[in-house]
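Participant: Hey, dropping input_1.pdb in here, PDB, C-alpha atoms and all ligand atoms:
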```
ATOM      1  CA  MET A   1     -17.986 -20.992 -82.156  1.00  0.00           C
ATOM      2  CA  ILE A   2     -15.090 -22.006 -79.902  1.00  0.00           C
ATOM      3  CA  HIS A   3     -17.138 -21.263 -76.777  1.00  0.00           C
ATOM      4  CA  LYS A   4     -19.865 -23.611 -78.073  1.00  0.00           C
ATOM      5  CA  GLY A   5     -17.355 -26.362 -78.807  1.00  0.00           C
ATOM      6  CA  LEU A   6     -18.149 -26.453 -82.530  1.00  0.00           C
ATOM      7  CA  VAL A   7     -14.695 -25.206 -83.445  1.00  0.00           C
ATOM      8  CA  LEU A   8     -11.591 -26.097 -81.419  1.00  0.00           C
ATOM      9  CA  PRO A   9      -7.924 -25.103 -81.651  1.00  0.00           C
ATOM     10  CA  LEU A  10      -6.501 -28.355 -82.976  1.00  0.00           C
ATOM     11  CA  MET A  11      -2.768 -28.765 -82.424  1.00  0.00           C
ATOM     12  CA  GLU A  12      -2.422 -32.139 -84.100  1.00  0.00           C
ATOM     13  CA  GLU A  13      -4.295 -35.326 -84.954  1.00  0.00           C
ATOM     14  CA  PHE A  14      -2.715 -38.699 -85.552  1.00  0.00           C
ATOM     15  CA  TYR A  15      -3.412 -42.410 -85.601  1.00  0.00           C
ATOM     16  CA  THR A  16      -1.156 -44.344 -83.268  1.00  0.00           C
ATOM     17  CA  ILE A  17      -1.050 -46.724 -80.322  1.00  0.00           C
ATOM     18  CA  GLN A  18      -2.255 -45.585 -76.903  1.00  0.00           C
ATOM     19  CA  GLY A  19       0.932 -45.929 -74.896  1.00  0.00           C
ATOM     20  CA  GLU A  20      -0.304 -45.370 -71.343  1.00  0.00           C
ATOM     21  CA  GLY A  21      -2.683 -46.694 -68.743  1.00  0.00           C
ATOM     22  CA  PHE A  22      -5.377 -49.359 -69.061  1.00  0.00           C
ATOM     23  CA  HIS A  23      -5.698 -49.133 -72.876  1.00  0.00           C
ATOM     24  CA  LYS A  24      -1.969 -49.250 -73.605  1.00  0.00           C
ATOM     25  CA  GLY A  25      -1.186 -51.153 -76.762  1.00  0.00           C
ATOM     26  CA  THR A  26      -4.530 -50.309 -78.361  1.00  0.00           C
ATOM     27  CA  ALA A  27      -4.711 -48.460 -81.676  1.00  0.00           C
ATOM     28  CA  ALA A  28      -6.490 -45.114 -81.390  1.00  0.00           C
ATOM     29  CA  TYR A  29      -6.908 -41.815 -83.203  1.00  0.00           C
ATOM     30  CA  PHE A  30      -5.619 -38.896 -81.116  1.00  0.00           C
ATOM     31  CA  LEU A  31      -6.982 -35.365 -81.224  1.00  0.00           C
ATOM     32  CA  ARG A  32      -4.712 -32.940 -79.402  1.00  0.00           C
ATOM     33  CA  VAL A  33      -6.527 -29.741 -78.528  1.00  0.00           C
ATOM     34  CA  GLY A  34      -4.386 -26.654 -77.849  1.00  0.00           C
ATOM     35  CA  GLY A  35      -4.696 -24.585 -74.677  1.00  0.00           C
ATOM     36  CA  CYS A  36      -3.587 -25.333 -71.121  1.00  0.00           C
ATOM     37  CA  ASP A  37      -2.905 -23.138 -68.102  1.00  0.00           C
ATOM     38  CA  VAL A  38      -2.153 -25.873 -65.572  1.00  0.00           C
ATOM     39  CA  GLY A  39       1.563 -25.107 -65.867  1.00  0.00           C
ATOM     40  CA  CYS A  40       3.371 -28.384 -65.076  1.00  0.00           C
ATOM     41  CA  HIS A  41       7.071 -27.480 -65.193  1.00  0.00           C
ATOM     42  CA  TRP A  42       7.942 -30.884 -66.696  1.00  0.00           C
ATOM     43  CA  CYS A  43       5.190 -30.746 -69.365  1.00  0.00           C
ATOM     44  CA  ASP A  44       6.328 -32.465 -72.575  1.00  0.00           C
ATOM     45  CA  VAL A  45       3.845 -30.583 -74.796  1.00  0.00           C
ATOM     46  CA  LYS A  46       4.459 -26.958 -73.814  1.00  0.00           C
ATOM     47  CA  GLU A  47       3.763 -26.014 -77.464  1.00  0.00           C
ATOM     48  CA  SER A  48       0.143 -26.826 -76.666  1.00  0.00           C
ATOM     49  CA  TRP A  49      -0.241 -24.182 -73.979  1.00  0.00           C
ATOM     50  CA  ASN A  50      -1.117 -21.184 -76.164  1.00  0.00           C
ATOM     51  CA  PRO A  51      -4.372 -21.932 -78.016  1.00  0.00           C
ATOM     52  CA  ALA A  52      -3.812 -18.998 -80.395  1.00  0.00           C
ATOM     53  CA  LEU A  53      -0.995 -20.960 -82.031  1.00  0.00           C
ATOM     54  CA  HIS A  54      -3.325 -23.720 -83.188  1.00  0.00           C
ATOM     55  CA  PRO A  55      -5.813 -23.415 -86.044  1.00  0.00           C
ATOM     56  CA  PRO A  56      -9.498 -23.170 -85.123  1.00  0.00           C
ATOM     57  CA  THR A  57     -10.856 -26.393 -86.633  1.00  0.00           C
ATOM     58  CA  ALA A  58     -14.448 -27.448 -87.224  1.00  0.00           C
ATOM     59  CA  ILE A  59     -15.259 -30.547 -85.194  1.00  0.00           C
ATOM     60  CA  GLU A  60     -16.908 -32.143 -88.271  1.00  0.00           C
ATOM     61  CA  ASN A  61     -13.455 -32.314 -89.880  1.00  0.00           C
ATOM     62  CA  MET A  62     -11.995 -34.027 -86.826  1.00  0.00           C
ATOM     63  CA  VAL A  63     -14.820 -36.561 -86.762  1.00  0.00           C
ATOM     64  CA  THR A  64     -14.455 -37.348 -90.475  1.00  0.00           C
ATOM     65  CA  ASN A  65     -10.707 -37.905 -90.126  1.00  0.00           C
ATOM     66  CA  ALA A  66     -11.059 -39.980 -86.973  1.00  0.00           C
ATOM     67  CA  PHE A  67     -13.815 -42.142 -88.462  1.00  0.00           C
ATOM     68  CA  ALA A  68     -11.580 -42.974 -91.427  1.00  0.00           C
ATOM     69  CA  HIS A  69      -8.957 -44.430 -89.084  1.00  0.00           C
ATOM     70  CA  SER A  70     -10.298 -45.872 -85.872  1.00  0.00           C
ATOM     71  CA  LYS A  71     -13.189 -46.915 -83.662  1.00  0.00           C
ATOM     72  CA  THR A  72     -11.413 -45.352 -80.689  1.00  0.00           C
ATOM     73  CA  VAL A  73     -10.598 -41.664 -80.267  1.00  0.00           C
ATOM     74  CA  VAL A  74      -8.496 -40.179 -77.483  1.00  0.00           C
ATOM     75  CA  ILE A  75      -9.015 -36.476 -76.883  1.00  0.00           C
ATOM     76  CA  THR A  76      -5.984 -34.977 -75.210  1.00  0.00           C
ATOM     77  CA  GLY A  77      -4.155 -31.673 -74.951  1.00  0.00           C
ATOM     78  CA  GLY A  78      -3.358 -29.299 -73.673  1.00  0.00           C
ATOM     79  CA  GLU A  79      -6.357 -29.426 -71.393  1.00  0.00           C
ATOM     80  CA  PRO A  80      -9.429 -30.378 -73.461  1.00  0.00           C
ATOM     81  CA  LEU A  81     -11.874 -29.501 -70.687  1.00  0.00           C
ATOM     82  CA  MET A  82     -11.086 -25.813 -71.180  1.00  0.00           C
ATOM     83  CA  TYR A  83     -13.677 -26.202 -73.947  1.00  0.00           C
ATOM     84  CA  GLU A  84     -17.237 -27.444 -74.226  1.00  0.00           C
ATOM     85  CA  MET A  85     -16.796 -31.088 -75.232  1.00  0.00           C
ATOM     86  CA  GLY A  86     -20.486 -31.976 -75.700  1.00  0.00           C
ATOM     87  CA  PRO A  87     -20.714 -31.447 -79.485  1.00  0.00           C
ATOM     88  CA  LEU A  88     -17.464 -33.251 -80.373  1.00  0.00           C
ATOM     89  CA  THR A  89     -18.056 -36.271 -78.135  1.00  0.00           C
ATOM     90  CA  GLY A  90     -21.691 -36.468 -79.264  1.00  0.00           C
ATOM     91  CA  MET A  91     -20.742 -36.465 -82.933  1.00  0.00           C
ATOM     92  CA  LEU A  92     -18.060 -39.108 -82.430  1.00  0.00           C
ATOM     93  CA  ARG A  93     -20.385 -41.390 -80.490  1.00  0.00           C
ATOM     94  CA  GLU A  94     -23.078 -41.027 -83.168  1.00  0.00           C
ATOM     95  CA  ARG A  95     -20.540 -42.572 -85.525  1.00  0.00           C
ATOM     96  CA  GLY A  96     -20.068 -45.506 -83.145  1.00  0.00           C
ATOM     97  CA  ILE A  97     -16.680 -44.317 -81.943  1.00  0.00           C
ATOM     98  CA  SER A  98     -15.569 -44.986 -78.369  1.00  0.00           C
ATOM     99  CA  VAL A  99     -14.422 -41.660 -76.927  1.00  0.00           C
ATOM    100  CA  HIS A 100     -11.675 -41.349 -74.316  1.00  0.00           C
ATOM    101  CA  ILE A 101     -10.260 -38.279 -72.595  1.00  0.00           C
ATOM    102  CA  GLU A 102      -6.922 -37.511 -70.970  1.00  0.00           C
ATOM    103  CA  THR A 103      -7.460 -34.644 -68.560  1.00  0.00           C
ATOM    104  CA  SER A 104      -6.075 -32.957 -65.495  1.00  0.00           C
ATOM    105  CA  GLY A 105      -9.700 -32.462 -64.432  1.00  0.00           C
ATOM    106  CA  ALA A 106      -8.996 -28.833 -63.619  1.00  0.00           C
ATOM    107  CA  TYR A 107     -12.066 -27.617 -65.507  1.00  0.00           C
ATOM    108  CA  LYS A 108     -15.754 -28.497 -65.501  1.00  0.00           C
ATOM    109  CA  LEU A 109     -16.426 -31.892 -67.037  1.00  0.00           C
ATOM    110  CA  THR A 110     -18.408 -31.593 -70.258  1.00  0.00           C
ATOM    111  CA  GLY A 111     -19.073 -34.197 -72.949  1.00  0.00           C
ATOM    112  CA  ASN A 112     -20.048 -37.862 -72.948  1.00  0.00           C
ATOM    113  CA  TRP A 113     -17.157 -40.218 -72.385  1.00  0.00           C
ATOM    114  CA  ASP A 114     -16.548 -43.931 -72.674  1.00  0.00           C
ATOM    115  CA  TRP A 115     -13.318 -43.635 -70.734  1.00  0.00           C
ATOM    116  CA  ILE A 116     -12.022 -40.885 -68.463  1.00  0.00           C
ATOM    117  CA  CYS A 117      -8.332 -40.855 -67.606  1.00  0.00           C
ATOM    118  CA  LEU A 118      -7.861 -38.353 -64.793  1.00  0.00           C
ATOM    119  CA  SER A 119      -4.317 -37.124 -64.230  1.00  0.00           C
ATOM    120  CA  PRO A 120      -4.405 -34.544 -61.423  1.00  0.00           C
ATOM    121  CA  LYS A 121      -1.733 -31.891 -61.143  1.00  0.00           C
ATOM    122  CA  LYS A 122      -0.683 -30.079 -57.972  1.00  0.00           C
ATOM    123  CA  THR A 123      -0.690 -26.691 -59.657  1.00  0.00           C
ATOM    124  CA  LYS A 124      -4.428 -26.786 -60.470  1.00  0.00           C
ATOM    125  CA  LEU A 125      -6.424 -29.488 -58.730  1.00  0.00           C
ATOM    126  CA  PRO A 126      -9.367 -31.332 -60.282  1.00  0.00           C
ATOM    127  CA  THR A 127     -12.941 -30.250 -59.756  1.00  0.00           C
ATOM    128  CA  GLU A 128     -14.767 -32.386 -57.182  1.00  0.00           C
ATOM    129  CA  GLU A 129     -17.244 -33.963 -59.616  1.00  0.00           C
ATOM    130  CA  ILE A 130     -14.709 -35.687 -61.841  1.00  0.00           C
ATOM    131  CA  TYR A 131     -13.408 -37.996 -59.083  1.00  0.00           C
ATOM    132  CA  GLU A 132     -16.767 -39.803 -59.064  1.00  0.00           C
ATOM    133  CA  VAL A 133     -16.667 -40.665 -62.757  1.00  0.00           C
ATOM    134  CA  ALA A 134     -12.968 -41.232 -63.482  1.00  0.00           C
ATOM    135  CA  ASP A 135     -12.194 -44.692 -64.918  1.00  0.00           C
ATOM    136  CA  GLU A 136      -8.484 -44.448 -64.249  1.00  0.00           C
ATOM    137  CA  LEU A 137      -6.316 -42.233 -62.104  1.00  0.00           C
ATOM    138  CA  LYS A 138      -2.911 -41.699 -63.666  1.00  0.00           C
ATOM    139  CA  MET A 139      -0.426 -40.042 -61.355  1.00  0.00           C
ATOM    140  CA  ILE A 140       2.814 -38.762 -62.854  1.00  0.00           C
ATOM    141  CA  VAL A 141       5.784 -39.313 -60.547  1.00  0.00           C
ATOM    142  CA  PHE A 142       8.456 -36.653 -60.888  1.00  0.00           C
ATOM    143  CA  ASN A 143       9.767 -36.773 -57.326  1.00  0.00           C
ATOM    144  CA  LYS A 144       9.145 -38.585 -54.047  1.00  0.00           C
ATOM    145  CA  ASP A 145       6.468 -36.175 -52.894  1.00  0.00           C
ATOM    146  CA  ASP A 146       4.356 -37.372 -55.815  1.00  0.00           C
ATOM    147  CA  PHE A 147       3.702 -40.659 -53.967  1.00  0.00           C
ATOM    148  CA  ARG A 148       2.072 -38.647 -51.187  1.00  0.00           C
ATOM    149  CA  PHE A 149       0.099 -36.629 -53.713  1.00  0.00           C
ATOM    150  CA  ALA A 150      -0.951 -39.845 -55.497  1.00  0.00           C
ATOM    151  CA  GLU A 151      -2.402 -41.283 -52.277  1.00  0.00           C
ATOM    152  CA  GLU A 152      -4.167 -38.016 -51.520  1.00  0.00           C
ATOM    153  CA  GLN A 153      -5.826 -38.116 -54.946  1.00  0.00           C
ATOM    154  CA  ALA A 154      -6.578 -41.860 -54.797  1.00  0.00           C
ATOM    155  CA  ALA A 155      -8.540 -41.237 -51.595  1.00  0.00           C
ATOM    156  CA  LYS A 156     -10.947 -39.078 -53.604  1.00  0.00           C
ATOM    157  CA  VAL A 157     -11.761 -41.293 -56.598  1.00  0.00           C
ATOM    158  CA  ASN A 158     -14.599 -43.829 -56.831  1.00  0.00           C
ATOM    159  CA  SER A 159     -13.946 -47.416 -55.762  1.00  0.00           C
ATOM    160  CA  ASN A 160     -13.891 -48.781 -59.355  1.00  0.00           C
ATOM    161  CA  CYS A 161     -11.247 -46.358 -60.535  1.00  0.00           C
ATOM    162  CA  LEU A 162      -7.985 -48.007 -61.623  1.00  0.00           C
ATOM    163  CA  LEU A 163      -4.831 -46.571 -60.070  1.00  0.00           C
ATOM    164  CA  TYR A 164      -1.631 -45.999 -62.077  1.00  0.00           C
ATOM    165  CA  LEU A 165       1.760 -44.565 -61.209  1.00  0.00           C
ATOM    166  CA  GLN A 166       3.738 -43.381 -64.211  1.00  0.00           C
ATOM    167  CA  PRO A 167       7.297 -42.051 -64.126  1.00  0.00           C
ATOM    168  CA  GLU A 168       7.764 -38.618 -65.637  1.00  0.00           C
ATOM    169  CA  TRP A 169       9.826 -39.311 -68.761  1.00  0.00           C
ATOM    170  CA  SER A 170      12.937 -37.283 -67.887  1.00  0.00           C
ATOM    171  CA  LYS A 171      13.036 -38.889 -64.418  1.00  0.00           C
ATOM    172  CA  ARG A 172      12.267 -42.429 -65.495  1.00  0.00           C
ATOM    173  CA  GLU A 173      15.642 -43.910 -64.595  1.00  0.00           C
ATOM    174  CA  LYS A 174      15.507 -42.502 -61.093  1.00  0.00           C
ATOM    175  CA  MET A 175      11.807 -42.919 -60.347  1.00  0.00           C
ATOM    176  CA  SER A 176      10.962 -46.236 -62.063  1.00  0.00           C
ATOM    177  CA  PRO A 177      12.695 -48.419 -59.430  1.00  0.00           C
ATOM    178  CA  LEU A 178      10.915 -46.465 -56.674  1.00  0.00           C
ATOM    179  CA  ILE A 179       7.585 -46.959 -58.430  1.00  0.00           C
ATOM    180  CA  VAL A 180       8.218 -50.694 -58.816  1.00  0.00           C
ATOM    181  CA  GLU A 181       9.017 -50.975 -55.118  1.00  0.00           C
ATOM    182  CA  TYR A 182       5.977 -48.862 -54.199  1.00  0.00           C
ATOM    183  CA  VAL A 183       3.602 -50.971 -56.296  1.00  0.00           C
ATOM    184  CA  MET A 184       4.898 -54.176 -54.729  1.00  0.00           C
ATOM    185  CA  GLN A 185       4.222 -52.680 -51.303  1.00  0.00           C
ATOM    186  CA  ASN A 186       0.891 -51.151 -52.365  1.00  0.00           C
ATOM    187  CA  PRO A 187      -0.591 -53.499 -54.975  1.00  0.00           C
ATOM    188  CA  GLN A 188      -3.773 -51.495 -55.447  1.00  0.00           C
ATOM    189  CA  TRP A 189      -1.538 -49.422 -57.755  1.00  0.00           C
ATOM    190  CA  LYS A 190      -0.195 -50.517 -61.149  1.00  0.00           C
ATOM    191  CA  VAL A 191       2.796 -49.260 -63.109  1.00  0.00           C
ATOM    192  CA  SER A 192       2.102 -47.268 -66.270  1.00  0.00           C
ATOM    193  CA  LEU A 193       4.906 -46.541 -68.726  1.00  0.00           C
ATOM    194  CA  GLN A 194       4.925 -44.233 -71.731  1.00  0.00           C
ATOM    195  CA  THR A 195       5.366 -47.207 -74.048  1.00  0.00           C
ATOM    196  CA  HIS A 196       4.846 -45.068 -77.171  1.00  0.00           C
ATOM    197  CA  LYS A 197       8.063 -43.247 -76.303  1.00  0.00           C
ATOM    198  CA  TYR A 198       9.943 -46.543 -75.995  1.00  0.00           C
ATOM    199  CA  LEU A 199       8.452 -47.534 -79.375  1.00  0.00           C
ATOM    200  CA  ASN A 200       9.434 -44.152 -80.780  1.00  0.00           C
ATOM    201  CA  ILE A 201       5.943 -43.394 -82.069  1.00  0.00           C
ATOM    202  CA  PRO A 202       3.780 -40.319 -81.369  1.00  0.00           C
TER     203      PRO A 202
HETATM  204  S1  LIG B 301      -1.856 -30.487 -67.639  1.00  0.00           S
HETATM  205 FE1  LIG B 301      -0.857 -31.649 -69.286  1.00  0.00          FE
HETATM  206  S2  LIG B 301      -0.683 -30.184 -71.042  1.00  0.00           S
HETATM  207 FE2  LIG B 301      -1.144 -29.000 -69.175  1.00  0.00          FE
HETATM  208  S3  LIG B 301       0.872 -28.341 -68.415  1.00  0.00           S
HETATM  209 FE3  LIG B 301       0.346 -30.256 -67.335  1.00  0.00          FE
HETATM  210  S4  LIG B 301       1.252 -31.921 -68.555  1.00  0.00           S
HETATM  211 FE4  LIG B 301       1.214 -30.053 -69.858  1.00  0.00          FE
END
```
Write the structure described by the file as structure tokens, please.

Facilitator:
Amino acid sequence: MIHKGLVLPLMEEFYTIQGEGFHKGTAAYFLRVGGCDVGCHWCDVKESWNPALHPPTAIENMVTNAFAHSKTVVITGGEPLMYEMGPLTGMLRERGISVHIETSGAYKLTGNWDWICLSPKKTKLPTEEIYEVADELKMIVFNKDDFRFAEEQAAKVNSNCLLYLQPEWSKREKMSPLIVEYVMQNPQWKVSLQTHKYLNIP
């Protein structure tokens, strides 16, 4: 059932405020799917990496819970595109829910999405097809080389894609001033902050 996307290893689900990117400040129901092999050394959800640690959950249950809370669902991970996302996104949209994804893009894009946040990682680059359909490109800045990587990735996305630079949380004091300076010099980019962490909410 997991390979058909009818059951997914669900790490956690919660109703909160989207803290990052274009939709920051907007209430949304989050579904965090376990499983990721992208291997970012600074990852703040390493508990998500092993899918076997998270209970196989019927997507109907996720949809029922989400519908009770919000008209917007963010599917995150882990890396949700390790799974077939067609059934879950289809069921959510049938209920009139706007469906967003947070993905590294490292796996084939499945599912129907109202908003695609692409956050490429050097360790496992996105597939070519996702650049065309990404609504926002969110580049995490851990060190100075990430500005170069951000430009390299921005050159591949479609012309409507919004561009965000976001400091990696543990490096925020060092990198935030550099990001501010960079955005003033390169105003096609915007700053994204993990505002949920400042608000101390999930
Ligand atoms: S892609 Fe996301 S979940 Fe996977 S290792 Fe990187 S930051 Fe963590």

Participant: Restricting the calculation to all atoms listed in the file: of A:Val73, A:Ala66, A:Val141, A:Ile101, which residue gets closest to Lys121 of chain A?

Facilitator: A:Val141

Participant: Measure the distance from atom CA of Ile201 of chain A to atom CA of Gly19 of chain A in Å and round it to one decimal.

Facilitator: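 Taking atom CA of Ile201 of chain A and atom CA of Gly19 of chain A, their separation equals 9.1 Å.
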
Participant: Go through the shown structure with the PyMOL selection byres (((chain A and resi 60) around 10) and not hetatm) and write out the matching residues as a list in words.

Facilitator: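 Answer for the PyMOL selection byres (((chain A and resi 60) around 10) and not hetatm): Leu6, Val7, Thr57, Ala58, Ile59, Asn61, Met62, Val63, Thr64, Asn65, Ala66, Pro87, Leu88, Met91 and Leu92 of chain A.
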
Participant: Write the residues you've just listed into a file as an mmCIF file, in the frame of the given file, and include C-alpha atoms for each of them.

Facilitator:
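File written: result-v5.cif
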```cif
data_model
loop_
_atom_site.group_PDB
_atom_site.id
_atom_site.type_symbol
_atom_site.label_atom_id
_atom_site.label_comp_id
_atom_site.auth_asym_id
_atom_site.auth_seq_id
_atom_site.Cartn_x
_atom_site.Cartn_y
_atom_site.Cartn_z
ATOM 1 C CA LEU A 6 -18.149 -26.453 -82.530
ATOM 2 C CA VAL A 7 -14.695 -25.206 -83.445
ATOM 3 C CA THR A 57 -10.856 -26.393 -86.633
ATOM 4 C CA ALA A 58 -14.448 -27.448 -87.224
ATOM 5 C CA ILE A 59 -15.259 -30.547 -85.194
ATOM 6 C CA ASN A 61 -13.455 -32.314 -89.880
ATOM 7 C CA MET A 62 -11.995 -34.027 -86.826
ATOM 8 C CA VAL A 63 -14.820 -36.561 -86.762
ATOM 9 C CA THR A 64 -14.455 -37.348 -90.475
ATOM 10 C CA ASN A 65 -10.707 -37.905 -90.126
ATOM 11 C CA ALA A 66 -11.059 -39.980 -86.973
ATOM 12 C CA PRO A 87 -20.714 -31.447 -79.485
ATOM 13 C CA LEU A 88 -17.464 -33.251 -80.373
ATOM 14 C CA MET A 91 -20.742 -36.465 -82.933
ATOM 15 C CA LEU A 92 -18.060 -39.108 -82.430
#
```

Participant: Please write out the residues within 10 Å of ligand LIG 301 (chain B) as a ChimeraX atom specification, counting all atoms listed in the file.

Facilitator: /A:32-49,76-80,102-106,119-124,140,168

Participant: Can those selected residues be exported to a file as a PDB file, in the coordinates of the input so that it contains C-alpha atoms?

Facilitator:
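Written output follows (result03.pdb):
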```pdb
ATOM      1  CA  ARG A  32      -4.712 -32.940 -79.402  1.00  0.00           C
ATOM      2  CA  VAL A  33      -6.527 -29.741 -78.528  1.00  0.00           C
ATOM      3  CA  GLY A  34      -4.386 -26.654 -77.849  1.00  0.00           C
ATOM      4  CA  GLY A  35      -4.696 -24.585 -74.677  1.00  0.00           C
ATOM      5  CA  CYS A  36      -3.587 -25.333 -71.121  1.00  0.00           C
ATOM      6  CA  ASP A  37      -2.905 -23.138 -68.102  1.00  0.00           C
ATOM      7  CA  VAL A  38      -2.153 -25.873 -65.572  1.00  0.00           C
ATOM      8  CA  GLY A  39       1.563 -25.107 -65.867  1.00  0.00           C
ATOM      9  CA  CYS A  40       3.371 -28.384 -65.076  1.00  0.00           C
ATOM     10  CA  HIS A  41       7.071 -27.480 -65.193  1.00  0.00           C
ATOM     11  CA  TRP A  42       7.942 -30.884 -66.696  1.00  0.00           C
ATOM     12  CA  CYS A  43       5.190 -30.746 -69.365  1.00  0.00           C
ATOM     13  CA  ASP A  44       6.328 -32.465 -72.575  1.00  0.00           C
ATOM     14  CA  VAL A  45       3.845 -30.583 -74.796  1.00  0.00           C
ATOM     15  CA  LYS A  46       4.459 -26.958 -73.814  1.00  0.00           C
ATOM     16  CA  GLU A  47       3.763 -26.014 -77.464  1.00  0.00           C
ATOM     17  CA  SER A  48       0.143 -26.826 -76.666  1.00  0.00           C
ATOM     18  CA  TRP A  49      -0.241 -24.182 -73.979  1.00  0.00           C
ATOM     19  CA  THR A  76      -5.984 -34.977 -75.210  1.00  0.00           C
ATOM     20  CA  GLY A  77      -4.155 -31.673 -74.951  1.00  0.00           C
ATOM     21  CA  GLY A  78      -3.358 -29.299 -73.673  1.00  0.00           C
ATOM     22  CA  GLU A  79      -6.357 -29.426 -71.393  1.00  0.00           C
ATOM     23  CA  PRO A  80      -9.429 -30.378 -73.461  1.00  0.00           C
ATOM     24  CA  GLU A 102      -6.922 -37.511 -70.970  1.00  0.00           C
ATOM     25  CA  THR A 103      -7.460 -34.644 -68.560  1.00  0.00           C
ATOM     26  CA  SER A 104      -6.075 -32.957 -65.495  1.00  0.00           C
ATOM     27  CA  GLY A 105      -9.700 -32.462 -64.432  1.00  0.00           C
ATOM     28  CA  ALA A 106      -8.996 -28.833 -63.619  1.00  0.00           C
ATOM     29  CA  SER A 119      -4.317 -37.124 -64.230  1.00  0.00           C
ATOM     30  CA  PRO A 120      -4.405 -34.544 -61.423  1.00  0.00           C
ATOM     31  CA  LYS A 121      -1.733 -31.891 -61.143  1.00  0.00           C
ATOM     32  CA  LYS A 122      -0.683 -30.079 -57.972  1.00  0.00           C
ATOM     33  CA  THR A 123      -0.690 -26.691 -59.657  1.00  0.00           C
ATOM     34  CA  LYS A 124      -4.428 -26.786 -60.470  1.00  0.00           C
ATOM     35  CA  ILE A 140       2.814 -38.762 -62.854  1.00  0.00           C
ATOM     36  CA  GLU A 168       7.764 -38.618 -65.637  1.00  0.00           C
TER      37      GLU A 168
END
```

Participant: Find the residue from A:Val133, A:Gly21, A:His100, A:Glu12 that sits nearest to Trp189 of chain A; use all atoms listed in the file when measuring.

Facilitator: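 Residue with the minimum atom-to-atom distance to Trp189 of chain A: A:Gly21.
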
Participant: Which residues are near Glu136 of chain A? Cut-off 6 Å, all atoms listed in the file, ignore same chain within fewer than 5 positions. Put them as a PyMOL selection string.

Facilitator: chain A and resi 117+161-163

Participant: With all atoms listed in the file as the counted atoms, please give the residues lying no more than 10 Å from Arg172 of chain A, apart from itself and same-chain residues fewer than 4 positions off, as a PyMOL selection string.

Facilitator: chain A and resi 141-142+166-168+176-179+193-194

Participant: Looking at A:Trp115, A:Tyr83, A:Tyr107, A:Phe67, which one is nearest to Glu129 of chain A, with distances taken over only C-alpha atoms?

Facilitator: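 With only C-alpha atoms as the atom set, the closest residue is A:Tyr107.
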
Participant: Running the PyMOL selection byres (((chain A and resi 56) around 9) and not hetatm) on this model by hand, what would come out? Give it as a list in words.

Facilitator: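 The output of the PyMOL selection byres (((chain A and resi 56) around 9) and not hetatm) on this file is Ile2, Val7, Leu8, Pro9, Leu10, Pro51, Ala52, His54, Pro55, Thr57 and Ala58 of chain A.
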
Participant: Within 10 Å of (-13.2, -41.5, -56.2), all atoms listed in the file: residues as a VMD selection string?

Facilitator: chain A and resid 128 to 137 153 to 162

Participant: Restricting it to C-alpha atoms, dump the selection as a short mmCIF file (atom, residue, chain, number, x, y, z; two decimals), keeping the file's coordinate frame.

Facilitator:
```cif
data_model
loop_
_atom_site.label_atom_id
_atom_site.label_comp_id
_atom_site.auth_asym_id
_atom_site.auth_seq_id
_atom_site.Cartn_x
_atom_site.Cartn_y
_atom_site.Cartn_z
CA GLU A 128 -14.77 -32.39 -57.18
CA GLU A 129 -17.24 -33.96 -59.62
CA ILE A 130 -14.71 -35.69 -61.84
CA TYR A 131 -13.41 -38.00 -59.08
CA GLU A 132 -16.77 -39.80 -59.06
CA VAL A 133 -16.67 -40.66 -62.76
CA ALA A 134 -12.97 -41.23 -63.48
CA ASP A 135 -12.19 -44.69 -64.92
CA GLU A 136 -8.48 -44.45 -64.25
CA LEU A 137 -6.32 -42.23 -62.10
CA GLN A 153 -5.83 -38.12 -54.95
CA ALA A 154 -6.58 -41.86 -54.80
CA ALA A 155 -8.54 -41.24 -51.60
CA LYS A 156 -10.95 -39.08 -53.60
CA VAL A 157 -11.76 -41.29 -56.60
CA ASN A 158 -14.60 -43.83 -56.83
CA SER A 159 -13.95 -47.42 -55.76
CA ASN A 160 -13.89 -48.78 -59.36
CA CYS A 161 -11.25 -46.36 -60.54
CA LEU A 162 -7.98 -48.01 -61.62
#
```

Participant: Rank A:Gly96, A:Pro126, A:Gly90, A:Gly25 by their smallest atom-to-atom distance to Trp113 of chain A, using all atoms listed in the file, and report the top residue only.

Facilitator: A:Gly90

Participant: Which is closest to His3 of chain A among A:Tyr29, A:Phe22, A:Val99, A:Gly86, if we use all atoms listed in the file?

Facilitator: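 Between A:Tyr29, A:Phe22, A:Val99, A:Gly86, the residue approaching His3 of chain A most closely is A:Gly86.
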
Participant: Which is closer to Ala27 of chain A than all the others in A:Val183, A:Met1, A:Met11, A:Val74, using all atoms listed in the file?

Facilitator: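 Looking only at the distances to Ala27 of chain A, the closest residue turns out to be A:Val74.
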
Participant: Env of Asn186 of chain A: 12 Å cut, atoms = only C-alpha atoms, seq-sep filter 5 positions within chain, self excluded. Answer as a list in words.

Facilitator: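 Using only C-alpha atoms, the neighbours found are Phe147, Ala150, Glu151, Leu163, Tyr164, Leu165, Leu178, Ile179, Val180, Glu181 and Val191 of chain A.
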
Participant: Expressed in Å to a single decimal, how great is the separation between atom CA of Ser98 of chain A and atom CA of Thr72 of chain A?

Facilitator: 4.8 Å

Participant: Just give me the gap between atom CA of Lys144 of chain A and atom CA of Leu81 of chain A in Å, one decimal is fine.

Facilitator: 28.3 Å

Participant: Find the smallest box with edges along x, y and z containing every listed atom of segment 102-110 of chain A, then add 6 Å on each side and report centre and edge lengths in Å to one decimal, as AutoDock Vina command-line options.

Facilitator:
```
--center_x -12.2 --center_y -32.6 --center_z -67.3 --size_x 24.3 --size_y 21.9 --size_z 19.4
```
